[in-house]
>>> print(open('entry_2.csv').read())   # CSV, N, CA and C atoms
chain,number,residue,atom,x,y,z
A,1,GLN,N,-14.4,-75.5,-35.8
A,1,GLN,CA,-14.2,-74.6,-34.7
A,1,GLN,C,-13.0,-73.7,-34.8
A,2,VAL,N,-13.2,-72.4,-34.7
A,2,VAL,CA,-12.1,-71.5,-34.8
A,2,VAL,C,-11.2,-71.6,-33.6
A,3,GLN,N,-9.9,-71.6,-33.9
A,3,GLN,CA,-8.9,-71.7,-32.9
A,3,GLN,C,-7.7,-70.9,-33.2
A,4,LEU,N,-7.2,-70.1,-32.3
A,4,LEU,CA,-6.0,-69.3,-32.5
A,4,LEU,C,-5.0,-69.7,-31.4
A,5,VAL,N,-3.8,-69.9,-31.8
A,5,VAL,CA,-2.7,-70.3,-30.9
A,5,VAL,C,-1.5,-69.5,-31.1
A,6,GLU,N,-1.2,-68.7,-30.0
A,6,GLU,CA,0.0,-67.8,-30.1
A,6,GLU,C,1.2,-68.5,-29.6
A,7,SER,N,2.4,-68.0,-30.1
A,7,SER,CA,3.7,-68.5,-29.6
A,7,SER,C,4.7,-67.4,-29.8
A,8,GLY,N,5.9,-67.6,-29.2
A,8,GLY,CA,7.0,-66.6,-29.5
A,8,GLY,C,7.3,-65.6,-28.5
A,9,GLY,N,6.5,-65.5,-27.4
A,9,GLY,CA,6.7,-64.6,-26.4
A,9,GLY,C,8.0,-65.0,-25.6
A,10,GLY,N,8.4,-64.1,-24.7
A,10,GLY,CA,9.6,-64.3,-23.9
A,10,GLY,C,10.1,-63.1,-23.2
A,11,SER,N,11.3,-63.2,-22.7
A,11,SER,CA,11.9,-62.1,-22.0
A,11,SER,C,13.1,-61.6,-22.7
A,12,VAL,N,13.1,-60.3,-23.0
A,12,VAL,CA,14.3,-59.7,-23.7
A,12,VAL,C,14.6,-58.4,-23.0
A,13,GLN,N,15.8,-57.9,-23.3
A,13,GLN,CA,16.2,-56.6,-22.8
A,13,GLN,C,15.7,-55.5,-23.7
A,14,ALA,N,15.7,-54.3,-23.2
A,14,ALA,CA,15.2,-53.1,-24.0
A,14,ALA,C,16.1,-53.0,-25.2
A,15,GLY,N,15.5,-52.7,-26.4
A,15,GLY,CA,16.2,-52.7,-27.6
A,15,GLY,C,16.2,-54.0,-28.4
A,16,GLY,N,15.8,-55.1,-27.7
A,16,GLY,CA,15.8,-56.4,-28.4
A,16,GLY,C,14.6,-56.6,-29.3
A,17,SER,N,14.5,-57.8,-29.8
A,17,SER,CA,13.5,-58.1,-30.8
A,17,SER,C,12.8,-59.4,-30.5
A,18,LEU,N,11.6,-59.6,-30.8
A,18,LEU,CA,10.9,-60.8,-30.8
A,18,LEU,C,9.9,-60.9,-31.9
A,19,ARG,N,9.6,-62.2,-32.3
A,19,ARG,CA,8.6,-62.4,-33.3
A,19,ARG,C,7.5,-63.3,-32.8
A,20,LEU,N,6.3,-62.8,-32.7
A,20,LEU,CA,5.1,-63.6,-32.2
A,20,LEU,C,4.5,-64.2,-33.4
A,21,SER,N,4.0,-65.4,-33.2
A,21,SER,CA,3.2,-66.2,-34.2
A,21,SER,C,1.8,-66.5,-33.7
A,22,CYS,N,0.9,-66.6,-34.6
A,22,CYS,CA,-0.5,-67.0,-34.3
A,22,CYS,C,-1.0,-67.9,-35.4
A,23,THR,N,-1.1,-69.2,-35.0
A,23,THR,CA,-1.6,-70.1,-36.0
A,23,THR,C,-3.1,-70.3,-35.9
A,24,ALA,N,-3.8,-70.2,-37.0
A,24,ALA,CA,-5.3,-70.2,-37.0
A,24,ALA,C,-5.7,-71.6,-37.6
A,25,SER,N,-6.8,-72.1,-37.0
A,25,SER,CA,-7.4,-73.3,-37.6
A,25,SER,C,-8.9,-73.1,-37.5
A,26,GLY,N,-9.6,-73.9,-38.4
A,26,GLY,CA,-11.1,-73.8,-38.4
A,26,GLY,C,-11.6,-72.8,-39.4
A,27,TYR,N,-10.7,-71.9,-40.0
A,27,TYR,CA,-11.2,-71.0,-40.9
A,27,TYR,C,-9.9,-70.5,-41.7
A,28,THR,N,-10.1,-69.7,-42.7
A,28,THR,CA,-9.0,-69.1,-43.5
A,28,THR,C,-8.8,-67.7,-43.0
A,29,SER,N,-7.6,-67.5,-42.3
A,29,SER,CA,-7.3,-66.3,-41.7
A,29,SER,C,-7.2,-65.1,-42.7
A,30,SER,N,-6.8,-65.4,-43.9
A,30,SER,CA,-6.7,-64.3,-44.9
A,30,SER,C,-8.0,-63.6,-45.3
A,31,SER,N,-9.1,-64.3,-44.9
A,31,SER,CA,-10.4,-63.7,-45.2
A,31,SER,C,-11.0,-62.8,-44.1
A,32,TYR,N,-10.3,-62.8,-43.0
A,32,TYR,CA,-10.7,-62.1,-41.8
A,32,TYR,C,-9.8,-60.9,-41.5
A,33,CYS,N,-10.3,-60.0,-40.7
A,33,CYS,CA,-9.5,-58.9,-40.1
A,33,CYS,C,-8.8,-59.5,-39.0
A,34,MET,N,-7.4,-59.6,-39.0
A,34,MET,CA,-6.6,-60.2,-38.0
A,34,MET,C,-5.8,-59.1,-37.2
A,35,GLY,N,-5.7,-59.3,-35.9
A,35,GLY,CA,-5.1,-58.3,-35.1
A,35,GLY,C,-4.3,-58.8,-34.0
A,36,TRP,N,-3.4,-58.0,-33.5
A,36,TRP,CA,-2.7,-58.3,-32.2
A,36,TRP,C,-3.1,-57.2,-31.2
A,37,PHE,N,-3.4,-57.7,-30.0
A,37,PHE,CA,-3.7,-56.8,-28.9
A,37,PHE,C,-2.8,-57.2,-27.7
A,38,ARG,N,-2.7,-56.3,-26.8
A,38,ARG,CA,-1.9,-56.5,-25.6
A,38,ARG,C,-2.6,-56.0,-24.3
A,39,GLN,N,-2.3,-56.6,-23.2
A,39,GLN,CA,-2.8,-56.1,-21.9
A,39,GLN,C,-1.8,-56.3,-20.9
A,40,ALA,N,-1.4,-55.1,-20.3
A,40,ALA,CA,-0.5,-55.1,-19.2
A,40,ALA,C,-1.3,-55.2,-17.8
A,41,PRO,N,-0.7,-55.6,-16.8
A,41,PRO,CA,-1.4,-55.7,-15.5
A,41,PRO,C,-2.0,-54.4,-15.1
A,42,GLY,N,-3.2,-54.4,-14.7
A,42,GLY,CA,-3.9,-53.2,-14.3
A,42,GLY,C,-4.3,-52.2,-15.4
A,43,LYS,N,-4.1,-52.6,-16.6
A,43,LYS,CA,-4.5,-51.8,-17.7
A,43,LYS,C,-5.5,-52.4,-18.6
A,44,GLU,N,-6.2,-51.6,-19.4
A,44,GLU,CA,-7.2,-52.2,-20.4
A,44,GLU,C,-6.4,-52.8,-21.6
A,45,ARG,N,-7.2,-53.7,-22.2
A,45,ARG,CA,-6.6,-54.3,-23.4
A,45,ARG,C,-6.5,-53.3,-24.5
A,46,GLU,N,-5.3,-53.3,-25.2
A,46,GLU,CA,-5.0,-52.3,-26.2
A,46,GLU,C,-4.7,-52.9,-27.5
A,47,GLY,N,-5.3,-52.3,-28.6
A,47,GLY,CA,-5.1,-52.8,-29.9
A,47,GLY,C,-3.7,-52.3,-30.4
A,48,VAL,N,-2.9,-53.2,-30.9
A,48,VAL,CA,-1.5,-52.9,-31.3
A,48,VAL,C,-1.4,-52.8,-32.8
A,49,ALA,N,-1.9,-53.8,-33.6
A,49,ALA,CA,-1.8,-53.8,-35.0
A,49,ALA,C,-2.9,-54.7,-35.6
A,50,VAL,N,-3.4,-54.3,-36.8
A,50,VAL,CA,-4.3,-55.2,-37.5
A,50,VAL,C,-3.8,-55.3,-39.0
A,51,ILE,N,-4.2,-56.3,-39.6
A,51,ILE,CA,-3.9,-56.5,-41.1
A,51,ILE,C,-5.2,-56.8,-41.8
A,52,TYR,N,-5.5,-56.1,-42.9
A,52,TYR,CA,-6.7,-56.2,-43.6
A,52,TYR,C,-6.8,-57.6,-44.3
A,53,PRO,N,-8.0,-58.1,-44.6
A,53,PRO,CA,-8.1,-59.3,-45.3
A,53,PRO,C,-7.3,-59.3,-46.6
A,54,GLY,N,-6.5,-60.3,-46.9
A,54,GLY,CA,-5.7,-60.3,-48.1
A,54,GLY,C,-4.3,-59.7,-47.8
A,55,GLY,N,-4.1,-59.0,-46.7
A,55,GLY,CA,-2.8,-58.5,-46.3
A,55,GLY,C,-2.3,-57.3,-46.9
A,56,GLY,N,-3.1,-56.6,-47.7
A,56,GLY,CA,-2.6,-55.4,-48.5
A,56,GLY,C,-2.5,-54.2,-47.6
A,57,ARG,N,-3.0,-54.1,-46.4
A,57,ARG,CA,-3.0,-52.9,-45.7
A,57,ARG,C,-2.9,-53.3,-44.2
A,58,GLN,N,-2.1,-52.5,-43.5
A,58,GLN,CA,-1.9,-52.7,-42.0
A,58,GLN,C,-2.3,-51.4,-41.3
A,59,TYR,N,-2.6,-51.5,-40.0
A,59,TYR,CA,-2.9,-50.4,-39.2
A,59,TYR,C,-2.2,-50.6,-37.8
A,60,TYR,N,-1.6,-49.5,-37.3
A,60,TYR,CA,-0.9,-49.7,-36.0
A,60,TYR,C,-1.3,-48.6,-35.1
A,61,VAL,N,-1.2,-48.9,-33.8
A,61,VAL,CA,-1.3,-47.9,-32.8
A,61,VAL,C,0.0,-47.0,-32.8
A,62,ASP,N,-0.2,-45.8,-32.5
A,62,ASP,CA,1.0,-44.8,-32.7
A,62,ASP,C,2.2,-45.3,-31.9
A,63,SER,N,2.1,-45.8,-30.8
A,63,SER,CA,3.2,-46.2,-29.9
A,63,SER,C,4.1,-47.2,-30.5
A,64,VAL,N,3.7,-48.0,-31.5
A,64,VAL,CA,4.5,-49.0,-32.1
A,64,VAL,C,4.9,-48.8,-33.5
A,65,LYS,N,4.4,-47.7,-34.1
A,65,LYS,CA,4.7,-47.4,-35.5
A,65,LYS,C,6.2,-47.3,-35.7
A,66,GLY,N,6.7,-48.0,-36.7
A,66,GLY,CA,8.1,-47.9,-37.0
A,66,GLY,C,8.9,-49.0,-36.3
A,67,ARG,N,8.3,-49.6,-35.3
A,67,ARG,CA,9.0,-50.7,-34.5
A,67,ARG,C,8.4,-52.1,-34.7
A,68,PHE,N,7.1,-52.1,-34.9
A,68,PHE,CA,6.4,-53.4,-35.0
A,68,PHE,C,5.9,-53.6,-36.5
A,69,THR,N,5.9,-54.8,-36.9
A,69,THR,CA,5.3,-55.1,-38.2
A,69,THR,C,4.4,-56.3,-38.2
A,70,ILE,N,3.2,-56.2,-38.6
A,70,ILE,CA,2.3,-57.3,-38.7
A,70,ILE,C,2.3,-57.9,-40.1
A,71,SER,N,2.2,-59.2,-40.2
A,71,SER,CA,2.2,-59.8,-41.5
A,71,SER,C,1.5,-61.2,-41.4
A,72,GLN,N,1.3,-61.8,-42.5
A,72,GLN,CA,0.7,-63.2,-42.4
A,72,GLN,C,1.2,-64.0,-43.6
A,73,ASP,N,1.2,-65.3,-43.3
A,73,ASP,CA,1.6,-66.3,-44.3
A,73,ASP,C,0.3,-67.1,-44.6
A,74,ASN,N,-0.3,-66.8,-45.7
A,74,ASN,CA,-1.6,-67.5,-46.1
A,74,ASN,C,-1.5,-69.0,-46.2
A,75,ALA,N,-0.3,-69.4,-46.7
A,75,ALA,CA,-0.1,-70.9,-46.9
A,75,ALA,C,-0.1,-71.6,-45.6
A,76,LYS,N,0.4,-70.9,-44.6
A,76,LYS,CA,0.5,-71.5,-43.2
A,76,LYS,C,-0.7,-71.1,-42.3
A,77,ASN,N,-1.5,-70.2,-42.8
A,77,ASN,CA,-2.6,-69.7,-42.0
A,77,ASN,C,-2.1,-69.2,-40.7
A,78,THR,N,-1.0,-68.4,-40.8
A,78,THR,CA,-0.3,-67.9,-39.6
A,78,THR,C,-0.2,-66.4,-39.7
A,79,LEU,N,-0.4,-65.8,-38.6
A,79,LEU,CA,-0.2,-64.3,-38.4
A,79,LEU,C,1.0,-64.1,-37.6
A,80,TYR,N,1.8,-63.0,-37.9
A,80,TYR,CA,3.0,-62.7,-37.2
A,80,TYR,C,3.0,-61.3,-36.7
A,81,LEU,N,3.8,-61.1,-35.7
A,81,LEU,CA,4.1,-59.7,-35.2
A,81,LEU,C,5.5,-59.6,-34.9
A,82,ARG,N,6.2,-58.9,-35.8
A,82,ARG,CA,7.7,-58.7,-35.6
A,82,ARG,C,7.8,-57.4,-34.7
A,83,MET,N,8.5,-57.6,-33.6
A,83,MET,CA,8.7,-56.5,-32.7
A,83,MET,C,10.2,-56.1,-32.5
A,84,ASN,N,10.5,-54.9,-33.0
A,84,ASN,CA,11.9,-54.5,-32.8
A,84,ASN,C,12.0,-53.3,-31.9
A,85,SER,N,13.2,-53.0,-31.4
A,85,SER,CA,13.4,-51.9,-30.5
A,85,SER,C,12.5,-51.9,-29.4
A,86,LEU,N,12.4,-53.0,-28.7
A,86,LEU,CA,11.4,-53.2,-27.7
A,86,LEU,C,11.7,-52.3,-26.5
A,87,LYS,N,10.7,-51.8,-25.8
A,87,LYS,CA,10.8,-51.0,-24.7
A,87,LYS,C,10.1,-51.6,-23.5
A,88,PRO,N,10.5,-51.2,-22.3
A,88,PRO,CA,9.9,-51.8,-21.1
A,88,PRO,C,8.3,-51.6,-21.1
A,89,GLU,N,7.9,-50.5,-21.7
A,89,GLU,CA,6.4,-50.3,-21.7
A,89,GLU,C,5.7,-51.2,-22.7
A,90,ASP,N,6.4,-52.0,-23.5
A,90,ASP,CA,5.8,-53.0,-24.3
A,90,ASP,C,5.5,-54.3,-23.6
A,91,THR,N,5.9,-54.4,-22.3
A,91,THR,CA,5.7,-55.5,-21.5
A,91,THR,C,4.2,-55.8,-21.3
A,92,ALA,N,3.7,-56.9,-21.7
A,92,ALA,CA,2.3,-57.2,-21.6
A,92,ALA,C,2.0,-58.7,-22.1
A,93,MET,N,0.8,-59.1,-21.9
A,93,MET,CA,0.3,-60.3,-22.5
A,93,MET,C,-0.2,-59.9,-23.9
A,94,TYR,N,0.3,-60.6,-24.9
A,94,TYR,CA,-0.1,-60.3,-26.3
A,94,TYR,C,-1.1,-61.4,-26.8
A,95,TYR,N,-2.2,-60.9,-27.4
A,95,TYR,CA,-3.2,-61.8,-27.9
A,95,TYR,C,-3.4,-61.6,-29.4
A,96,CYS,N,-3.6,-62.7,-30.0
A,96,CYS,CA,-4.1,-62.7,-31.4
A,96,CYS,C,-5.6,-62.7,-31.5
A,97,ALA,N,-6.2,-62.1,-32.4
A,97,ALA,CA,-7.6,-62.0,-32.5
A,97,ALA,C,-8.1,-61.9,-34.0
A,98,ALA,N,-9.3,-62.4,-34.2
A,98,ALA,CA,-9.9,-62.3,-35.5
A,98,ALA,C,-11.3,-61.7,-35.5
A,99,ALA,N,-11.6,-61.0,-36.6
A,99,ALA,CA,-12.9,-60.4,-36.7
A,99,ALA,C,-13.4,-60.5,-38.1
A,100,PHE,N,-14.7,-60.2,-38.3
A,100,PHE,CA,-15.2,-60.2,-39.7
A,100,PHE,C,-14.4,-59.1,-40.5
A,101,SER,N,-14.3,-59.3,-41.7
A,101,SER,CA,-13.4,-58.4,-42.6
A,101,SER,C,-13.7,-56.9,-42.4
A,102,ARG,N,-15.0,-56.5,-42.3
A,102,ARG,CA,-15.2,-55.1,-42.3
A,102,ARG,C,-14.8,-54.4,-41.1
A,103,VAL,N,-14.4,-55.1,-40.0
A,103,VAL,CA,-14.0,-54.5,-38.8
A,103,VAL,C,-12.7,-53.7,-39.0
A,104,CYS,N,-11.8,-54.2,-39.9
A,104,CYS,CA,-10.6,-53.5,-40.2
A,104,CYS,C,-10.8,-52.1,-40.6
A,105,ALA,N,-12.0,-51.9,-41.3
A,105,ALA,CA,-12.3,-50.5,-41.9
A,105,ALA,C,-13.0,-49.7,-40.9
A,106,ILE,N,-13.8,-50.3,-40.0
A,106,ILE,CA,-14.7,-49.4,-39.2
A,106,ILE,C,-14.1,-49.3,-37.7
A,107,ALA,N,-13.4,-50.3,-37.2
A,107,ALA,CA,-13.0,-50.2,-35.8
A,107,ALA,C,-11.7,-51.1,-35.7
A,108,PRO,N,-10.6,-50.7,-36.4
A,108,PRO,CA,-9.5,-51.7,-36.5
A,108,PRO,C,-8.8,-52.0,-35.2
A,109,LEU,N,-8.8,-51.2,-34.2
A,109,LEU,CA,-8.1,-51.5,-32.9
A,109,LEU,C,-9.0,-51.7,-31.7
A,110,ASN,N,-10.3,-51.9,-32.0
A,110,ASN,CA,-11.3,-52.0,-31.0
A,110,ASN,C,-11.5,-53.4,-30.6
A,111,ALA,N,-11.1,-53.8,-29.5
A,111,ALA,CA,-11.2,-55.3,-29.1
A,111,ALA,C,-12.6,-55.8,-29.0
A,112,ASP,N,-13.6,-54.9,-28.8
A,112,ASP,CA,-15.0,-55.3,-28.7
A,112,ASP,C,-15.5,-55.9,-30.0
A,113,TYR,N,-14.9,-55.6,-31.1
A,113,TYR,CA,-15.4,-56.0,-32.4
A,113,TYR,C,-14.7,-57.4,-32.8
A,114,PHE,N,-13.8,-57.8,-32.0
A,114,PHE,CA,-13.1,-59.1,-32.4
A,114,PHE,C,-13.7,-60.2,-31.6
A,115,GLY,N,-14.2,-61.2,-32.3
A,115,GLY,CA,-14.9,-62.3,-31.6
A,115,GLY,C,-14.1,-63.6,-31.3
A,116,TYR,N,-12.9,-63.7,-31.9
A,116,TYR,CA,-12.1,-64.9,-31.7
A,116,TYR,C,-10.8,-64.5,-31.1
A,117,TRP,N,-10.4,-65.2,-30.1
A,117,TRP,CA,-9.2,-64.8,-29.4
A,117,TRP,C,-8.3,-66.1,-29.1
A,118,GLY,N,-7.0,-65.8,-29.1
A,118,GLY,CA,-6.1,-66.9,-28.6
A,118,GLY,C,-5.9,-66.8,-27.1
A,119,GLN,N,-5.0,-67.6,-26.6
A,119,GLN,CA,-4.9,-67.7,-25.1
A,119,GLN,C,-3.8,-66.7,-24.6
A,120,GLY,N,-3.0,-66.1,-25.5
A,120,GLY,CA,-2.1,-65.1,-25.2
A,120,GLY,C,-0.7,-65.7,-25.0
A,121,THR,N,0.3,-64.8,-25.2
A,121,THR,CA,1.7,-65.1,-25.0
A,121,THR,C,2.4,-63.9,-24.3
A,122,GLN,N,3.2,-64.2,-23.3
A,122,GLN,CA,3.7,-63.1,-22.5
A,122,GLN,C,5.0,-62.5,-23.1
A,123,VAL,N,5.1,-61.2,-23.1
A,123,VAL,CA,6.3,-60.5,-23.5
A,123,VAL,C,6.7,-59.6,-22.4
A,124,THR,N,8.0,-59.8,-22.0
A,124,THR,CA,8.6,-59.0,-20.9
A,124,THR,C,9.8,-58.4,-21.3
A,125,VAL,N,9.9,-57.1,-21.2
A,125,VAL,CA,11.0,-56.3,-21.7
A,125,VAL,C,11.7,-55.6,-20.4
A,126,SER,N,12.9,-55.9,-20.2
A,126,SER,CA,13.6,-55.4,-19.0
A,126,SER,C,14.5,-54.2,-19.5
A,127,SER,N,14.7,-53.3,-18.6
A,127,SER,CA,15.5,-52.1,-18.9
A,127,SER,C,17.0,-52.3,-18.5
>>> encode(input="entry_2.csv", output="structure tokens")
Amino acid sequence: QVQLVESGGGSVQAGGSLRLSCTASGYTSSSYCMGWFRQAPGKEREGVAVIYPGGGRQYYVDSVKGRFTISQDNAKNTLYLRMNSLKPEDTAMYYCAAAFSRVCAIAPLNADYFGYWGQGTQVTVSS
């Protein structure tokens, strides 16, 4: 059974940093398109970053480019999202998700194509 468990959320001041983790079980995450999504109250779920199978390529939404880094540790079957220079508008529930490998190429930030989801971890950035 595929399971994704996020951790690492919290409350920080603007300009601070956090690292989110997502531990996968039931499958090998390096063979899938893995992504981070977020959803703020009253807003639609937004794709933040994805990493291609094997980790050789990443894709980011424009609003986080240069500030966020997605990575994975294959030995630990764990996905990470390093978030620097956090802004109040980054406040949201952050979700880890997995999809079949080709999703990274055809619809990398489209939540509808991701079939496996974690429970989410809250990130709150105060000004």
>>> closest_residue(input="entry_2.csv", among="A:Gln1, A:Thr28, A:Ser101, A:Ser17", to="Ser85 in chain A", atoms="only C-alpha atoms")
A:Ser17
>>> residues_around(input="entry_2.csv", residues="range 103-110 of chain A", least_positions_apart="5", cutoff="8 Å", atoms="all atoms listed in the file", output="list in words")
Tyr32, Cys33, Met34, Gly35, Trp36, Phe37, Arg45, Glu46, Gly47, Val48, Ala49, Val50, Ile51, Tyr52, Pro53, Tyr59, Tyr60 and Val61 of chain A
>>> write_last_selection(input="entry_2.csv", atoms="N, CA and C atoms", output="compact mmCIF listing (two decimals), in the frame of the given file")
# COMPACT_ATOMS: atom_id res chain seq x y z
N TYR A 32 -10.30 -62.80 -43.00
CA TYR A 32 -10.70 -62.10 -41.80
C TYR A 32 -9.80 -60.90 -41.50
N CYS A 33 -10.30 -60.00 -40.70
CA CYS A 33 -9.50 -58.90 -40.10
C CYS A 33 -8.80 -59.50 -39.00
N MET A 34 -7.40 -59.60 -39.00
CA MET A 34 -6.60 -60.20 -38.00
C MET A 34 -5.80 -59.10 -37.20
N GLY A 35 -5.70 -59.30 -35.90
CA GLY A 35 -5.10 -58.30 -35.10
C GLY A 35 -4.30 -58.80 -34.00
N TRP A 36 -3.40 -58.00 -33.50
CA TRP A 36 -2.70 -58.30 -32.20
C TRP A 36 -3.10 -57.20 -31.20
N PHE A 37 -3.40 -57.70 -30.00
CA PHE A 37 -3.70 -56.80 -28.90
C PHE A 37 -2.80 -57.20 -27.70
N ARG A 45 -7.20 -53.70 -22.20
CA ARG A 45 -6.60 -54.30 -23.40
C ARG A 45 -6.50 -53.30 -24.50
N GLU A 46 -5.30 -53.30 -25.20
CA GLU A 46 -5.00 -52.30 -26.20
C GLU A 46 -4.70 -52.90 -27.50
N GLY A 47 -5.30 -52.30 -28.60
CA GLY A 47 -5.10 -52.80 -29.90
C GLY A 47 -3.70 -52.30 -30.40
N VAL A 48 -2.90 -53.20 -30.90
CA VAL A 48 -1.50 -52.90 -31.30
C VAL A 48 -1.40 -52.80 -32.80
N ALA A 49 -1.90 -53.80 -33.60
CA ALA A 49 -1.80 -53.80 -35.00
C ALA A 49 -2.90 -54.70 -35.60
N VAL A 50 -3.40 -54.30 -36.80
CA VAL A 50 -4.30 -55.20 -37.50
C VAL A 50 -3.80 -55.30 -39.00
N ILE A 51 -4.20 -56.30 -39.60
CA ILE A 51 -3.90 -56.50 -41.10
C ILE A 51 -5.20 -56.80 -41.80
N TYR A 52 -5.50 -56.10 -42.90
CA TYR A 52 -6.70 -56.20 -43.60
C TYR A 52 -6.80 -57.60 -44.30
N PRO A 53 -8.00 -58.10 -44.60
CA PRO A 53 -8.10 -59.30 -45.30
C PRO A 53 -7.30 -59.30 -46.60
N TYR A 59 -2.60 -51.50 -40.00
CA TYR A 59 -2.90 -50.40 -39.20
C TYR A 59 -2.20 -50.60 -37.80
N TYR A 60 -1.60 -49.50 -37.30
CA TYR A 60 -0.90 -49.70 -36.00
C TYR A 60 -1.30 -48.60 -35.10
N VAL A 61 -1.20 -48.90 -33.80
CA VAL A 61 -1.30 -47.90 -32.80
C VAL A 61 0.00 -47.00 -32.80
>>> atom_distance(input="entry_2.csv", atom1="CA of Thr91 in chain A", atom2="CA of Ala40 in chain A")
6.6 Å
>>> atom_distance(input="entry_2.csv", atom1="CA of Asp112 in chain A", atom2="CA of Glu44 in chain A")
11.8 Å
>>> atom_distance(input="entry_2.csv", atom1="atom C of Ala75 in chain A", atom2="atom N of Ser30 in chain A")
9.3 Å
>>> select_by_dssp(input="entry_2.csv", residues="chain A", states="alpha helix (DSSP H)", output="list in words")
Val103, Cys104, Ala105 and Ile106 of chain A
>>> closest_residue(input="entry_2.csv", among="A:Asp90, A:Phe68, A:Ser31, A:Ser126", to="Arg102 in chain A", atoms="only C-alpha atoms")
A:Ser31
>>> select_by_dssp(input="entry_2.csv", residues="range 70-122 of chain A", states="strand (DSSP E or B)", output="list in words")
Ile70, Ser71, Gln72, Asp73, Thr78, Leu79, Tyr80, Leu81, Arg82, Met83, Ala92, Met93, Tyr94, Tyr95, Cys96, Ala97, Ala98, Ala99, Tyr116, Trp117, Thr121 and Gln122 of chain A
>>> write_last_selection(input="entry_2.csv", atoms="N, CA and C atoms", output="mmCIF file, in the coordinates of the input")
data_model
loop_
_atom_site.group_PDB
_atom_site.id
_atom_site.type_symbol
_atom_site.label_atom_id
_atom_site.label_comp_id
_atom_site.auth_asym_id
_atom_site.auth_seq_id
_atom_site.Cartn_x
_atom_site.Cartn_y
_atom_site.Cartn_z
ATOM 1 N N ILE A 70 3.200 -56.200 -38.600
ATOM 2 C CA ILE A 70 2.300 -57.300 -38.700
ATOM 3 C C ILE A 70 2.300 -57.900 -40.100
ATOM 4 N N SER A 71 2.200 -59.200 -40.200
ATOM 5 C CA SER A 71 2.200 -59.800 -41.500
ATOM 6 C C SER A 71 1.500 -61.200 -41.400
ATOM 7 N N GLN A 72 1.300 -61.800 -42.500
ATOM 8 C CA GLN A 72 0.700 -63.200 -42.400
ATOM 9 C C GLN A 72 1.200 -64.000 -43.600
ATOM 10 N N ASP A 73 1.200 -65.300 -43.300
ATOM 11 C CA ASP A 73 1.600 -66.300 -44.300
ATOM 12 C C ASP A 73 0.300 -67.100 -44.600
ATOM 13 N N THR A 78 -1.000 -68.400 -40.800
ATOM 14 C CA THR A 78 -0.300 -67.900 -39.600
ATOM 15 C C THR A 78 -0.200 -66.400 -39.700
ATOM 16 N N LEU A 79 -0.400 -65.800 -38.600
ATOM 17 C CA LEU A 79 -0.200 -64.300 -38.400
ATOM 18 C C LEU A 79 1.000 -64.100 -37.600
ATOM 19 N N TYR A 80 1.800 -63.000 -37.900
ATOM 20 C CA TYR A 80 3.000 -62.700 -37.200
ATOM 21 C C TYR A 80 3.000 -61.300 -36.700
ATOM 22 N N LEU A 81 3.800 -61.100 -35.700
ATOM 23 C CA LEU A 81 4.100 -59.700 -35.200
ATOM 24 C C LEU A 81 5.500 -59.600 -34.900
ATOM 25 N N ARG A 82 6.200 -58.900 -35.800
ATOM 26 C CA ARG A 82 7.700 -58.700 -35.600
ATOM 27 C C ARG A 82 7.800 -57.400 -34.700
ATOM 28 N N MET A 83 8.500 -57.600 -33.600
ATOM 29 C CA MET A 83 8.700 -56.500 -32.700
ATOM 30 C C MET A 83 10.200 -56.100 -32.500
ATOM 31 N N ALA A 92 3.700 -56.900 -21.700
ATOM 32 C CA ALA A 92 2.300 -57.200 -21.600
ATOM 33 C C ALA A 92 2.000 -58.700 -22.100
ATOM 34 N N MET A 93 0.800 -59.100 -21.900
ATOM 35 C CA MET A 93 0.300 -60.300 -22.500
ATOM 36 C C MET A 93 -0.200 -59.900 -23.900
ATOM 37 N N TYR A 94 0.300 -60.600 -24.900
ATOM 38 C CA TYR A 94 -0.100 -60.300 -26.300
ATOM 39 C C TYR A 94 -1.100 -61.400 -26.800
ATOM 40 N N TYR A 95 -2.200 -60.900 -27.400
ATOM 41 C CA TYR A 95 -3.200 -61.800 -27.900
ATOM 42 C C TYR A 95 -3.400 -61.600 -29.400
ATOM 43 N N CYS A 96 -3.600 -62.700 -30.000
ATOM 44 C CA CYS A 96 -4.100 -62.700 -31.400
ATOM 45 C C CYS A 96 -5.600 -62.700 -31.500
ATOM 46 N N ALA A 97 -6.200 -62.100 -32.400
ATOM 47 C CA ALA A 97 -7.600 -62.000 -32.500
ATOM 48 C C ALA A 97 -8.100 -61.900 -34.000
ATOM 49 N N ALA A 98 -9.300 -62.400 -34.200
ATOM 50 C CA ALA A 98 -9.900 -62.300 -35.500
ATOM 51 C C ALA A 98 -11.300 -61.700 -35.500
ATOM 52 N N ALA A 99 -11.600 -61.000 -36.600
ATOM 53 C CA ALA A 99 -12.900 -60.400 -36.700
ATOM 54 C C ALA A 99 -13.400 -60.500 -38.100
ATOM 55 N N TYR A 116 -12.900 -63.700 -31.900
ATOM 56 C CA TYR A 116 -12.100 -64.900 -31.700
ATOM 57 C C TYR A 116 -10.800 -64.500 -31.100
ATOM 58 N N TRP A 117 -10.400 -65.200 -30.100
ATOM 59 C CA TRP A 117 -9.200 -64.800 -29.400
ATOM 60 C C TRP A 117 -8.300 -66.100 -29.100
ATOM 61 N N THR A 121 0.300 -64.800 -25.200
ATOM 62 C CA THR A 121 1.700 -65.100 -25.000
ATOM 63 C C THR A 121 2.400 -63.900 -24.300
ATOM 64 N N GLN A 122 3.200 -64.200 -23.300
ATOM 65 C CA GLN A 122 3.700 -63.100 -22.500
ATOM 66 C C GLN A 122 5.000 -62.500 -23.100
#
>>> residues_around(input="entry_2.csv", residues="Gln13 in chain A", least_positions_apart="5", cutoff="6.5 Å", atoms="all atoms listed in the file", output="VMD selection string")
chain A and resid 86 124 to 127
>>> closest_residue(input="entry_2.csv", among="A:Leu18, A:Gly66, A:Gly120, A:Ala24", to="Leu79 in chain A", atoms="all atoms listed in the file")
A:Ala24
>>> residues_around(input="entry_2.csv", residues="Gln119 in chain A", least_positions_apart="5", cutoff="10 Å", atoms="only C-alpha atoms", output="list in words")
Gln3, Leu4, Val5, Glu6, Ser7, Met93, Tyr94, Tyr95, Cys96 and Ala97 of chain A
>>> axis_aligned_box(input="entry_2.csv", around="range 82-99 of chain A", padding_each_side="5 Å", output="AutoDock Vina command-line options")
--center_x 0.0 --center_y -56.5 --center_z -29.6 --size_x 36.8 --size_y 22.4 --size_z 27.0
